[in-house]
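**Q** final.tsv (TSV, C-alpha atoms) pasted underneath:
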```
chain	number	residue	atom	x	y	z
N	22	MET	CA	16.25	-14.91	33.83
N	23	PRO	CA	17.02	-11.53	32.26
N	24	LEU	CA	14.37	-10.00	29.98
N	25	PRO	CA	15.07	-10.20	26.21
N	26	THR	CA	17.97	-7.81	25.55
N	27	GLY	CA	16.72	-6.42	22.23
N	28	ASP	CA	13.23	-5.57	23.49
N	29	THR	CA	14.63	-4.01	26.66
N	30	ILE	CA	16.99	-1.79	24.66
N	31	GLY	CA	14.10	-1.03	22.31
N	32	ILE	CA	11.92	0.20	25.19
N	33	LEU	CA	14.71	2.36	26.62
N	34	THR	CA	15.51	3.82	23.20
N	35	ASP	CA	11.85	4.49	22.36
N	36	ASN	CA	11.51	6.31	25.68
N	37	LEU	CA	14.50	8.51	24.92
N	38	ARG	CA	13.13	9.35	21.47
N	39	LEU	CA	9.51	9.89	22.53
N	40	ARG	CA	9.82	11.11	26.13
N	41	ARG	CA	13.35	12.59	26.37
N	42	SER	CA	14.56	10.05	28.96
N	43	VAL	CA	15.24	6.31	28.98
N	44	LEU	CA	13.00	6.26	32.05
N	45	PRO	CA	10.50	9.13	32.02
N	46	ILE	CA	9.64	10.60	35.43
N	47	PRO	CA	7.11	13.30	36.38
N	48	VAL	CA	8.36	16.91	36.15
N	49	GLU	CA	7.62	17.52	39.84
N	50	SER	CA	9.97	14.65	40.75
N	51	ALA	CA	12.67	16.02	38.46
N	52	ILE	CA	12.67	19.55	39.92
N	53	ARG	CA	11.68	18.99	43.56
N	54	TRP	CA	15.31	19.46	44.64
N	55	THR	CA	15.19	23.14	43.60
N	56	LYS	CA	12.44	23.98	46.10
N	57	GLY	CA	13.40	26.91	48.34
N	58	LEU	CA	16.79	27.50	46.68
N	59	ASN	CA	15.51	30.43	44.56
N	60	LEU	CA	17.81	29.59	41.68
N	61	PRO	CA	17.47	31.80	38.59
N	62	ARG	CA	16.16	30.13	35.45
N	63	GLY	CA	19.02	29.60	33.00
N	64	GLY	CA	21.92	32.05	32.73
N	65	LYS	CA	25.56	31.77	31.71
N	66	ARG	CA	26.30	29.04	34.27
N	67	VAL	CA	23.84	26.35	35.42
N	68	LEU	CA	23.95	23.41	37.79
N	69	TYR	CA	22.99	20.49	35.54
N	70	THR	CA	21.70	17.29	37.18
N	71	GLY	CA	20.95	15.25	34.04
N	72	LEU	CA	18.25	13.74	36.32
N	73	MET	CA	20.65	11.04	37.46
N	74	TYR	CA	19.96	11.21	41.19
N	75	GLN	CA	16.23	11.86	40.70
N	76	LEU	CA	15.97	8.75	38.50
N	77	ILE	CA	17.44	6.31	41.02
N	78	PRO	CA	14.29	5.52	43.07
N	79	TYR	CA	12.40	4.90	39.82
N	80	ILE	CA	15.22	2.71	38.46
N	81	GLU	CA	15.16	0.65	41.66
N	82	ASP	CA	11.41	0.06	41.37
N	83	LEU	CA	11.82	-0.87	37.72
N	84	VAL	CA	14.70	-3.29	38.35
N	85	GLU	CA	12.60	-5.02	41.01
N	86	ALA	CA	9.68	-5.33	38.58
N	87	GLN	CA	12.07	-6.45	35.83
N	88	THR	CA	13.48	-9.24	38.03
N	89	LYS	CA	9.96	-10.48	38.88
N	90	LEU	CA	8.88	-10.34	35.22
N	91	GLY	CA	12.02	-12.16	34.12
N	92	ASP	CA	11.09	-15.08	36.37
N	93	SER	CA	7.50	-15.29	35.09
N	94	TRP	CA	5.71	-16.24	31.86
N	95	LEU	CA	5.27	-12.51	31.20
N	96	ALA	CA	8.94	-12.32	30.09
N	97	GLY	CA	7.78	-13.74	26.75
N	98	LEU	CA	5.54	-10.70	26.27
N	99	THR	CA	8.30	-8.09	26.44
N	100	GLY	CA	7.94	-7.46	22.69
N	101	VAL	CA	4.23	-6.69	23.19
N	102	GLY	CA	5.24	-4.42	26.07
N	103	ARG	CA	7.56	-2.55	23.73
N	104	ARG	CA	4.77	-1.94	21.22
N	105	MET	CA	2.43	-0.76	24.00
N	106	ASN	CA	5.16	1.51	25.37
N	107	ARG	CA	5.18	3.48	22.14
N	108	LEU	CA	1.62	4.56	22.94
N	109	ILE	CA	1.69	4.81	26.73
N	110	ASN	CA	4.55	5.13	29.20
N	111	VAL	CA	4.65	1.57	30.60
N	112	ALA	CA	7.24	2.51	33.24
N	113	ALA	CA	4.65	4.75	34.92
N	114	PHE	CA	2.74	1.57	35.88
N	115	LEU	CA	5.82	-0.26	37.17
N	116	ALA	CA	7.74	2.40	39.11
N	117	HIS	CA	6.08	4.15	42.07
N	118	PRO	CA	8.76	5.20	44.57
N	119	SER	CA	7.48	6.72	47.79
N	120	LYS	CA	7.98	10.42	48.48
N	121	GLN	CA	10.44	9.46	51.23
N	122	GLU	CA	12.52	7.38	48.76
N	123	GLN	CA	12.52	10.25	46.28
N	124	GLU	CA	13.52	12.83	48.89
N	125	ALA	CA	16.52	10.70	49.89
N	126	TYR	CA	17.93	11.24	46.38
N	127	ASP	CA	16.69	14.83	45.89
N	128	ARG	CA	18.97	15.65	48.81
N	129	ILE	CA	22.12	15.17	46.70
N	130	PRO	CA	21.63	17.90	44.02
N	131	ARG	CA	20.42	20.11	46.86
N	132	ASN	CA	23.65	19.42	48.80
N	133	VAL	CA	25.67	20.34	45.72
N	134	ALA	CA	23.75	23.58	45.18
N	135	LEU	CA	24.38	24.62	48.81
N	136	LEU	CA	28.09	23.75	48.52
N	137	LEU	CA	28.47	25.80	45.34
N	138	GLN	CA	26.72	28.74	46.99
N	139	ARG	CA	29.09	28.38	49.94
N	140	ALA	CA	32.02	28.52	47.48
N	141	GLY	CA	30.66	31.75	46.03
N	142	VAL	CA	29.76	30.27	42.65
N	143	GLU	CA	26.82	31.93	40.88
N	144	PHE	CA	24.57	29.60	38.92
N	145	GLY	CA	21.04	28.94	37.76
N	146	SER	CA	18.98	25.87	36.91
N	147	LEU	CA	17.16	24.76	33.78
N	148	TYR	CA	14.32	23.27	35.88
N	149	GLU	CA	12.11	21.20	33.52
N	150	ASP	CA	14.65	21.68	30.69
N	151	ASP	CA	17.37	19.94	32.74
N	152	LEU	CA	17.22	16.79	30.59
N	153	TYR	CA	18.70	13.32	30.94
N	154	SER	CA	22.02	13.15	29.06
N	155	GLY	CA	21.37	9.88	27.18
N	156	ALA	CA	24.24	8.04	28.92
N	157	LEU	CA	22.53	4.64	28.91
N	158	ALA	CA	21.60	4.87	25.23
N	159	TYR	CA	25.25	5.68	24.50
N	160	ASP	CA	26.43	2.66	26.49
N	161	LEU	CA	23.96	0.38	24.69
N	162	GLY	CA	25.11	1.51	21.24
N	163	ALA	CA	21.81	3.22	20.38
N	164	ASP	CA	23.70	5.87	18.43
N	165	GLU	CA	20.90	7.26	16.25
N	166	ALA	CA	18.58	7.88	19.21
N	167	LEU	CA	21.43	9.40	21.20
N	168	ARG	CA	22.48	11.75	18.39
N	169	ALA	CA	18.94	13.12	18.09
N	170	HIS	CA	18.61	13.46	21.87
N	171	ALA	CA	21.94	15.27	22.24
N	172	GLN	CA	20.63	17.92	19.85
N	173	LYS	CA	17.60	18.43	22.13
N	174	VAL	CA	19.84	18.86	25.18
N	175	TYR	CA	22.08	21.31	23.34
N	176	ALA	CA	19.05	23.27	22.08
N	177	ALA	CA	17.77	23.56	25.68
N	178	LEU	CA	21.15	24.86	26.86
N	179	LYS	CA	21.30	27.42	24.06
N	180	LYS	CA	17.68	28.50	24.61
N	181	HIS	CA	18.60	29.50	28.16
N	182	GLY	CA	21.85	31.25	27.20
N	183	VAL	CA	24.07	28.69	28.95
N	184	GLN	CA	27.83	28.90	28.38
N	185	GLU	CA	28.99	26.67	31.23
N	186	VAL	CA	27.42	23.73	33.05
N	187	VAL	CA	28.44	22.39	36.42
N	188	THR	CA	27.58	18.70	36.59
N	189	ILE	CA	27.05	16.43	39.58
N	190	ASP	CA	27.49	12.77	38.56
N	191	PRO	CA	30.24	11.19	36.45
N	192	HIS	CA	28.00	9.91	33.63
N	193	THR	CA	26.46	13.31	32.84
N	194	THR	CA	29.92	14.87	33.10
N	195	ASN	CA	31.32	12.40	30.58
N	196	MET	CA	28.43	12.79	28.14
N	197	LEU	CA	28.36	16.59	28.13
N	198	ARG	CA	32.13	17.04	28.23
N	199	SER	CA	33.58	14.18	26.18
N	200	VAL	CA	30.80	12.59	24.08
N	201	TYR	CA	28.65	15.52	22.90
N	202	PRO	CA	31.53	17.36	21.14
N	203	ALA	CA	31.76	14.40	18.74
N	204	LEU	CA	28.00	14.45	18.10
N	205	ILE	CA	27.24	18.16	17.81
N	206	GLU	CA	28.94	20.47	15.36
N	207	ASP	CA	30.44	23.61	16.96
N	208	TYR	CA	29.54	22.40	20.48
N	209	ASP	CA	30.72	25.22	22.73
N	210	ILE	CA	29.59	24.44	26.28
N	211	ARG	CA	32.23	24.44	29.02
N	212	VAL	CA	31.67	21.50	31.38
N	213	ARG	CA	33.07	21.14	34.87
N	214	ASN	CA	32.10	18.77	37.64
N	215	TYR	CA	31.23	20.28	41.01
N	216	LEU	CA	34.11	18.39	42.69
N	217	GLU	CA	36.52	20.14	40.32
N	218	VAL	CA	34.88	23.50	41.04
N	219	LEU	CA	34.97	23.01	44.81
N	220	ALA	CA	38.58	21.76	44.77
N	221	GLU	CA	39.63	24.90	42.86
N	222	ALA	CA	37.77	27.13	45.35
N	223	GLU	CA	40.13	26.04	48.18
N	224	MET	CA	37.41	26.35	50.84
N	225	LEU	CA	38.22	25.85	54.48
N	226	PRO	CA	35.94	23.54	56.50
N	227	HIS	CA	33.66	25.03	59.18
N	228	HIS	CA	33.46	21.70	60.98
N	229	ARG	CA	36.20	19.07	61.02
N	230	LEU	CA	34.97	15.52	60.47
N	231	GLU	CA	36.60	12.48	62.03
N	232	GLY	CA	36.96	8.80	61.29
N	233	ASP	CA	37.95	6.30	58.61
N	234	VAL	CA	36.08	6.03	55.35
N	235	ALA	CA	36.70	3.72	52.36
N	236	ILE	CA	36.75	5.66	49.10
N	237	HIS	CA	35.09	4.12	46.05
N	238	ASP	CA	36.17	5.85	42.83
N	239	SER	CA	33.71	5.84	39.98
N	240	CYS	CA	35.19	4.18	36.84
N	241	VAL	CA	33.87	7.03	34.72
N	242	PHE	CA	35.37	9.72	36.92
N	243	ALA	CA	38.71	7.94	37.34
N	244	ARG	CA	39.35	6.44	33.89
N	245	TYR	CA	37.24	8.57	31.55
N	246	GLU	CA	37.39	12.03	33.11
N	247	GLY	CA	40.53	12.08	35.26
N	248	VAL	CA	38.68	13.04	38.45
N	249	VAL	CA	40.76	11.30	41.13
N	250	ALA	CA	42.63	13.93	43.15
N	251	GLN	CA	39.71	16.32	43.74
N	252	PRO	CA	37.51	14.08	45.95
N	253	ARG	CA	40.56	13.11	48.01
N	254	LEU	CA	41.58	16.73	48.48
N	255	LEU	CA	38.09	17.72	49.63
N	256	LEU	CA	37.49	14.74	51.93
N	257	GLU	CA	40.93	14.93	53.56
N	258	GLY	CA	40.49	18.70	53.87
N	259	ALA	CA	37.29	17.94	55.76
N	260	GLY	CA	39.32	15.92	58.27
N	261	LEU	CA	38.40	12.36	57.25
N	262	THR	CA	40.98	9.57	57.06
N	263	LEU	CA	40.63	8.00	53.62
N	264	CYS	CA	41.13	4.24	53.37
N	265	GLU	CA	42.11	3.06	49.89
N	266	PRO	CA	40.83	-0.39	48.86
N	267	HIS	CA	42.95	-2.83	46.83
N	268	HIS	CA	41.58	-1.39	43.57
N	269	ALA	CA	41.58	2.41	43.87
N	270	GLY	CA	42.09	5.61	41.91
N	271	THR	CA	42.70	4.99	38.21
N	272	MET	CA	42.68	1.24	38.94
N	273	THR	CA	39.29	1.33	40.69
N	274	TRP	CA	36.86	-1.57	40.39
N	275	CYS	CA	33.38	-1.24	38.94
N	276	CYS	CA	30.27	-1.37	41.17
N	277	GLY	CA	28.35	-3.41	38.56
N	278	GLY	CA	25.83	-0.60	37.93
N	279	PRO	CA	26.36	-0.31	34.16
N	280	VAL	CA	24.78	-3.72	33.49
N	281	GLU	CA	21.89	-3.42	35.93
N	282	SER	CA	19.37	-2.41	33.26
N	283	LEU	CA	19.93	-5.67	31.32
N	284	TYR	CA	21.40	-8.17	33.79
N	285	PRO	CA	20.55	-7.25	37.40
N	286	GLN	CA	22.02	-10.49	38.79
N	287	LYS	CA	25.41	-9.84	37.20
N	288	ALA	CA	25.36	-6.30	38.58
N	289	ALA	CA	24.64	-7.66	42.07
N	290	GLN	CA	27.51	-10.17	41.87
N	291	GLN	CA	30.01	-7.48	40.89
N	292	ALA	CA	28.71	-5.14	43.62
N	293	GLU	CA	29.19	-7.92	46.18
N	294	ARG	CA	32.83	-8.40	45.13
N	295	ARG	CA	33.44	-4.66	45.37
N	296	VAL	CA	31.80	-4.37	48.81
N	297	GLU	CA	34.14	-7.09	50.10
N	298	GLU	CA	37.14	-5.03	49.00
N	299	LEU	CA	35.80	-1.85	50.56
N	300	HIS	CA	34.69	-3.49	53.79
N	301	ALA	CA	38.20	-4.91	54.21
N	302	VAL	CA	39.52	-1.37	54.80
N	303	ALA	CA	36.66	0.46	56.61
N	304	ASP	CA	33.12	0.13	57.92
N	305	ARG	CA	31.92	3.26	56.10
N	306	GLY	CA	32.18	3.96	52.38
N	307	VAL	CA	31.94	7.11	50.27
N	308	THR	CA	30.68	7.15	46.69
N	309	MET	CA	30.42	9.90	44.07
N	310	CYS	CA	27.98	8.39	41.57
N	311	PRO	CA	24.29	7.52	42.13
N	312	LEU	CA	24.65	4.13	40.41
N	313	CYS	CA	27.65	3.19	42.56
N	314	TYR	CA	25.83	4.33	45.69
N	315	VAL	CA	22.67	2.33	45.12
N	316	ASN	CA	24.42	-0.84	43.92
N	317	LEU	CA	26.97	-0.94	46.71
N	318	GLN	CA	24.50	-0.09	49.48
N	319	LYS	CA	22.11	-2.76	48.21
N	320	ALA	CA	24.91	-5.36	48.19
N	321	ALA	CA	26.30	-4.33	51.59
N	322	GLN	CA	22.90	-4.31	53.35
N	323	ASP	CA	23.77	-3.92	57.07
N	324	ARG	CA	27.47	-4.83	56.73
N	325	MET	CA	28.59	-1.30	55.92
N	326	ARG	CA	27.06	2.09	55.31
N	327	PHE	CA	27.65	4.19	52.19
N	328	ASP	CA	27.17	7.94	51.86
N	329	ASP	CA	27.38	10.21	48.88
N	330	ILE	CA	30.46	12.46	48.97
N	331	SER	CA	28.23	15.56	49.01
N	332	ASP	CA	26.78	14.49	52.38
N	333	TYR	CA	30.25	14.57	53.97
N	334	LEU	CA	31.25	17.78	52.20
N	335	LEU	CA	28.12	19.63	53.25
N	336	GLN	CA	28.64	18.63	56.89
N	337	ALA	CA	32.19	19.96	56.78
N	338	TYR	CA	32.08	22.98	54.50
N	339	GLU	CA	28.67	24.55	54.99
N	340	GLY	CA	28.68	27.39	57.47
H	2	MET	CA	31.60	-26.33	9.41
H	3	THR	CA	32.10	-22.61	10.03
H	4	VAL	CA	30.86	-20.24	7.35
H	5	LEU	CA	33.01	-17.13	7.17
H	6	THR	CA	31.81	-13.63	6.36
H	7	PRO	CA	34.94	-11.94	4.97
H	8	ASP	CA	33.57	-8.40	5.25
H	9	LEU	CA	32.24	-8.84	8.80
H	10	VAL	CA	34.64	-6.28	10.21
H	11	ASP	CA	33.39	-3.71	7.68
H	12	GLN	CA	29.77	-4.57	8.54
H	13	VAL	CA	30.53	-4.06	12.22
H	14	ARG	CA	32.55	-0.92	11.70
H	15	GLU	CA	30.12	0.88	9.37
H	16	ASN	CA	31.29	4.47	9.92
H	17	ALA	CA	32.41	3.96	13.52
H	18	GLU	CA	35.73	3.15	15.10
H	19	PHE	CA	36.83	-0.49	15.41
H	20	ASN	CA	40.59	-0.87	15.86
H	21	ALA	CA	40.64	-4.45	17.19
H	22	SER	CA	43.28	-5.43	14.59
H	23	ALA	CA	45.83	-3.62	16.80
H	24	CYS	CA	45.31	-6.39	19.42
H	25	MET	CA	48.33	-8.68	19.77
H	26	ASN	CA	46.40	-11.24	21.82
H	27	CYS	CA	48.54	-10.86	24.97
H	28	GLY	CA	45.58	-11.54	27.28
H	29	VAL	CA	46.04	-8.69	29.77
H	30	CYS	CA	42.47	-7.52	29.10
H	31	THR	CA	40.96	-10.93	29.85
H	32	ALA	CA	43.09	-11.41	32.94
H	33	ILE	CA	42.16	-8.03	34.40
H	34	CYS	CA	38.42	-8.02	33.53
H	35	PRO	CA	36.35	-7.81	36.76
H	36	LEU	CA	33.75	-10.11	35.19
H	37	GLY	CA	36.32	-12.85	34.50
H	38	SER	CA	34.75	-13.68	31.14
H	39	GLU	CA	36.88	-15.86	28.87
H	40	HIS	CA	35.49	-14.14	25.75
H	41	LEU	CA	35.75	-10.49	26.85
H	42	PRO	CA	37.04	-8.68	25.00
H	43	ARG	CA	39.70	-10.25	22.77
H	44	GLY	CA	37.80	-13.48	22.02
H	45	ILE	CA	34.91	-11.49	20.62
H	46	PHE	CA	37.21	-9.22	18.64
H	47	ARG	CA	38.79	-12.35	17.07
H	48	TYR	CA	35.38	-13.56	15.85
H	49	VAL	CA	34.92	-10.22	14.09
H	50	LEU	CA	38.39	-10.12	12.57
H	51	LEU	CA	38.11	-13.75	11.36
H	52	GLY	CA	34.61	-13.18	9.90
H	53	MET	CA	32.91	-15.68	12.25
H	54	LYS	CA	29.50	-14.05	12.22
H	55	GLU	CA	27.51	-16.95	13.68
H	56	GLU	CA	29.91	-17.28	16.60
H	57	LEU	CA	29.78	-13.53	17.15
H	58	LEU	CA	25.98	-13.44	17.25
H	59	LYS	CA	25.97	-16.22	19.87
H	60	GLN	CA	27.92	-13.87	22.16
H	61	GLN	CA	25.11	-11.34	22.54
H	62	GLU	CA	24.93	-11.63	26.33
H	63	THR	CA	28.71	-11.36	26.67
H	64	VAL	CA	28.85	-8.23	24.50
H	65	PHE	CA	26.10	-6.53	26.51
H	66	SER	CA	27.52	-7.70	29.87
H	67	CYS	CA	30.71	-5.65	29.47
H	68	LEU	CA	30.81	-3.01	32.21
H	69	LEU	CA	32.58	-0.49	29.93
H	70	CYS	CA	34.70	0.22	33.00
H	71	LYS	CA	37.88	0.73	30.89
H	72	MET	CA	40.04	-1.32	33.27
H	73	CYS	CA	41.24	-3.37	30.26
H	74	GLU	CA	41.71	-0.37	28.00
H	75	VAL	CA	43.97	1.64	30.33
H	76	ASN	CA	46.15	-1.47	30.75
H	77	CYS	CA	46.25	-2.52	27.10
H	78	PRO	CA	49.86	-2.41	25.83
H	79	ALA	CA	48.68	-2.20	22.21
H	80	GLY	CA	46.47	0.84	22.73
H	81	VAL	CA	43.30	-0.88	21.53
H	82	HIS	CA	40.24	1.33	22.08
H	83	ILE	CA	38.41	-1.55	23.69
H	84	VAL	CA	35.42	0.33	25.08
H	85	GLU	CA	34.69	2.10	21.80
H	86	ASN	CA	35.05	-1.24	19.99
H	87	VAL	CA	32.52	-2.86	22.36
H	88	ARG	CA	30.11	0.04	21.82
H	89	THR	CA	30.53	-0.35	18.07
H	90	LEU	CA	29.73	-4.05	18.44
H	91	ARG	CA	26.61	-3.22	20.45
H	92	HIS	CA	25.50	-0.86	17.70
H	93	TYR	CA	25.99	-3.74	15.25
H	94	PHE	CA	23.85	-6.04	17.42
H	95	ASP	CA	21.18	-3.32	17.71
H	96	ARG	CA	20.98	-3.20	13.92
H	97	GLN	CA	21.58	-6.84	12.99
H	98	ALA	CA	20.00	-8.85	15.77
H	99	PHE	CA	17.38	-6.50	17.26
H	100	GLY	CA	16.28	-4.52	14.21
H	101	LEU	CA	16.60	-1.23	16.07
```
Please re-express this file's structure in structure tokens.
**A**
Amino acid sequence: MPLPTGDTIGILTDNLRLRRSVLPIPVESAIRWTKGLNLPRGGKRVLYTGLMYQLIPYIEDLVEAQTKLGDSWLAGLTGVGRRMNRLINVAAFLAHPSKQEQEAYDRIPRNVALLLQRAGVEFGSLYEDDLYSGALAYDLGADEALRAHAQKVYAALKKHGVQEVVTIDPHTTNMLRSVYPALIEDYDIRVRNYLEVLAEAEMLPHHRLEGDVAIHDSCVFARYEGVVAQPRLLLEGAGLTLCEPHHAGTMTWCCGGPVESLYPQKAAQQAERRVEELHAVADRGVTMCPLCYVNLQKAAQDRMRFDDISDYLLQAYEG
Amino acid sequence: MTVLTPDLVDQVRENAEFNASACMNCGVCTAICPLGSEHLPRGIFRYVLLGMKEELLKQQETVFSCLLCKMCEVNCPAGVHIVENVRTLRHYFDRQAFGL
């Protein structure tokens, strides 16, 4: 049984308002990916993670706890949990990913930073001011909380003198590029995704990759932000043979991730259907969104292996 | 007996966008929805346009199950902004049903 929808949205919204993220995580987990990269703090251009990859191991722990709670008598106490959560961060008791699990996701923003450096792009980081974008609150219709949060994100960007952000995942790209301008008067931040930046850089690969890989387009990239050609250009440039599933490009099929926070079983069913389509064309899959990656890999189990696009690109393009 | 709420569409819309009246009920959206829900999205939009508040409020899980994947919207021949309409409906539920 899913937990009560209203109380779950209430907890997520309270977290965004009180703790600047729908799922608050420790600062050291948010910025661990920057270790050893010597990125300047702020500046005209920054690599902006929106915490999406860093959040995934915590989300997975929470979804597991949520599923167990939903099947127990404790589900009836979700309203009490919401009231408690206003005083103490309840998620901190439910989500404890191991360091190994966290490092598996820290690798992605690190990959992207190395690829941008390889392309000759200069950029900094906002470190602890690199805030969650509010994407889930937007999806759930929590407009008042989102509007207030967007102002905090914008204030952090302005405080550090940022004029351009380079994003990693599709959801943060969509929020900062297409949603914030409607929420913030005189919003003047240029937003590009790293796949767009790398595709424009016309890099040549140092190592040619081989083999077939099924490409899974993110709905948000393909239908909201028009990012379809760039991943194909980069992956084919790396030497891979791309296998297009039945639903691909602007007609891609969802991984189920957007409903995982409220209805994990429905998310799993949709992921299973999508894995079947992808597995029909290749034994390996490539994703470009943390939610797609985790949902599809979980559904596929040992049937097929998924990798984030940055893993392939780093193998091919880093010197 | 169904009690109608004539200004339901205005209650839902508040100051946001809700252009469901452009829907011509062709059914492409329902046919193409990955979830295969019979109510998503046009059935729910009909409840709003007809003022069927009780029926609408019973569809809470359906409204929040939408993947917002835009598959329906990019294929809609009437140009209905389906995803924004669903978000507007969620905002209505947040206010009306959840007291947020």
**Q** Residues of chain N near chain H: apply a cut-off of 8 Å, count all atoms listed in the file, and supply the list as a list in words.
**A**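 The contacting residues on chain N are Thr26, Gly27, Asp28, Gly31, Tyr159, Asp160, Leu161, Gly162, Ala163, Asp164, Cys240, Val241, Arg244, Tyr245, Met272, Thr273, Trp274, Cys275, Gly277, Gly278, Pro279, Val280, Leu283, Tyr284, Lys287 and Gln291 of chain N.
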**Q** Could those residues be written to a file, using C-alpha atoms, as a compact mmCIF listing (two decimals), in the frame of the given file?
**A**
```
# COMPACT_ATOMS: atom_id res chain seq x y z
CA THR N 26 17.97 -7.81 25.55
CA GLY N 27 16.72 -6.42 22.23
CA ASP N 28 13.23 -5.57 23.49
CA GLY N 31 14.10 -1.03 22.31
CA TYR N 159 25.25 5.68 24.50
CA ASP N 160 26.43 2.66 26.49
CA LEU N 161 23.96 0.38 24.69
CA GLY N 162 25.11 1.51 21.24
CA ALA N 163 21.81 3.22 20.38
CA ASP N 164 23.70 5.87 18.43
CA CYS N 240 35.19 4.18 36.84
CA VAL N 241 33.87 7.03 34.72
CA ARG N 244 39.35 6.44 33.89
CA TYR N 245 37.24 8.57 31.55
CA MET N 272 42.68 1.24 38.94
CA THR N 273 39.29 1.33 40.69
CA TRP N 274 36.86 -1.57 40.39
CA CYS N 275 33.38 -1.24 38.94
CA GLY N 277 28.35 -3.41 38.56
CA GLY N 278 25.83 -0.60 37.93
CA PRO N 279 26.36 -0.31 34.16
CA VAL N 280 24.78 -3.72 33.49
CA LEU N 283 19.93 -5.67 31.32
CA TYR N 284 21.40 -8.17 33.79
CA LYS N 287 25.41 -9.84 37.20
CA GLN N 291 30.01 -7.48 40.89
```
**Q** What's the separation between CA of Tyr201 in chain N and CA of Leu317 in chain N, in Å to one decimal place?
**A**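 Taking CA of Tyr201 in chain N as the start and CA of Leu317 in chain N as the end point, the length is 29.0 Å.
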**Q** Record the distance separating CA of Asp82 in chain N and CA of Gln123 in chain N, expressed in Å with one decimal.
**A** 11.4 Å
**Q** Considering all atoms listed in the file, can you say which of N:Gln286, N:Ala203, N:Ile80, N:Arg66 comes closest to Ala17 in chain H?
**A**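 Ranking N:Gln286, N:Ala203, N:Ile80, N:Arg66 by distance to Ala17 in chain H, first place goes to N:Ala203.
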**Q** Any idea what the distance is between CA of Val212 in chain N and CA of Val186 in chain N?
**A**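 Interatomic distance here is 5.1 Å.
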**Q** Any idea what's packed within 7 Å of range 250-265 of chain N, counting all atoms listed in the file, ignoring anything in its chain fewer than 3 positions away? Could you give it as number ranges by chain?
**A** N: 216-217, 220, 226, 229-236, 269, 302-303, 334, 337
**Q** Around the point (14.9, -6.2, 33.6) in the file's coordinates, collect all residues with an atom within 8 Å, using all atoms listed in the file, and return them as a ChimeraX atom specification.
**A** /N:23-24,29,83-88,90-91,281-285
**Q** Could those residues be written to a file, using C-alpha atoms, as a PDB file, in the coordinates of the input?
**A**
```pdb
ATOM      1  CA  PRO N  23      17.020 -11.530  32.260  1.00  0.00           C
ATOM      2  CA  LEU N  24      14.370 -10.000  29.980  1.00  0.00           C
ATOM      3  CA  THR N  29      14.630  -4.010  26.660  1.00  0.00           C
ATOM      4  CA  LEU N  83      11.820  -0.870  37.720  1.00  0.00           C
ATOM      5  CA  VAL N  84      14.700  -3.290  38.350  1.00  0.00           C
ATOM      6  CA  GLU N  85      12.600  -5.020  41.010  1.00  0.00           C
ATOM      7  CA  ALA N  86       9.680  -5.330  38.580  1.00  0.00           C
ATOM      8  CA  GLN N  87      12.070  -6.450  35.830  1.00  0.00           C
ATOM      9  CA  THR N  88      13.480  -9.240  38.030  1.00  0.00           C
ATOM     10  CA  LEU N  90       8.880 -10.340  35.220  1.00  0.00           C
ATOM     11  CA  GLY N  91      12.020 -12.160  34.120  1.00  0.00           C
ATOM     12  CA  GLU N 281      21.890  -3.420  35.930  1.00  0.00           C
ATOM     13  CA  SER N 282      19.370  -2.410  33.260  1.00  0.00           C
ATOM     14  CA  LEU N 283      19.930  -5.670  31.320  1.00  0.00           C
ATOM     15  CA  TYR N 284      21.400  -8.170  33.790  1.00  0.00           C
ATOM     16  CA  PRO N 285      20.550  -7.250  37.400  1.00  0.00           C
TER      17      PRO N 285
END
```
**Q** With all atoms listed in the file as the counted atoms, please give the residues lying no more than 8 Å from range 311-315 of chain N, apart from itself and same-chain residues fewer than 3 positions off, as a VMD selection string.
**A** chain N and resid 73 to 74 77 190 239 276 to 279 308 318 to 319 327 to 329
**Q** Give me the residues within 9 Å of Lys173 in chain N as a PDB file with C-alpha atoms, keeping the file's coordinate frame, counting all atoms listed in the file and dropping any in the same chain fewer than 4 places off.
**A**
```pdb
ATOM      1  CA  ARG N  41      13.350  12.590  26.370  1.00  0.00           C
ATOM      2  CA  LEU N 152      17.220  16.790  30.590  1.00  0.00           C
ATOM      3  CA  ALA N 169      18.940  13.120  18.090  1.00  0.00           C
ATOM      4  CA  ALA N 177      17.770  23.560  25.680  1.00  0.00           C
ATOM      5  CA  LEU N 178      21.150  24.860  26.860  1.00  0.00           C
TER       6      LEU N 178
END
```
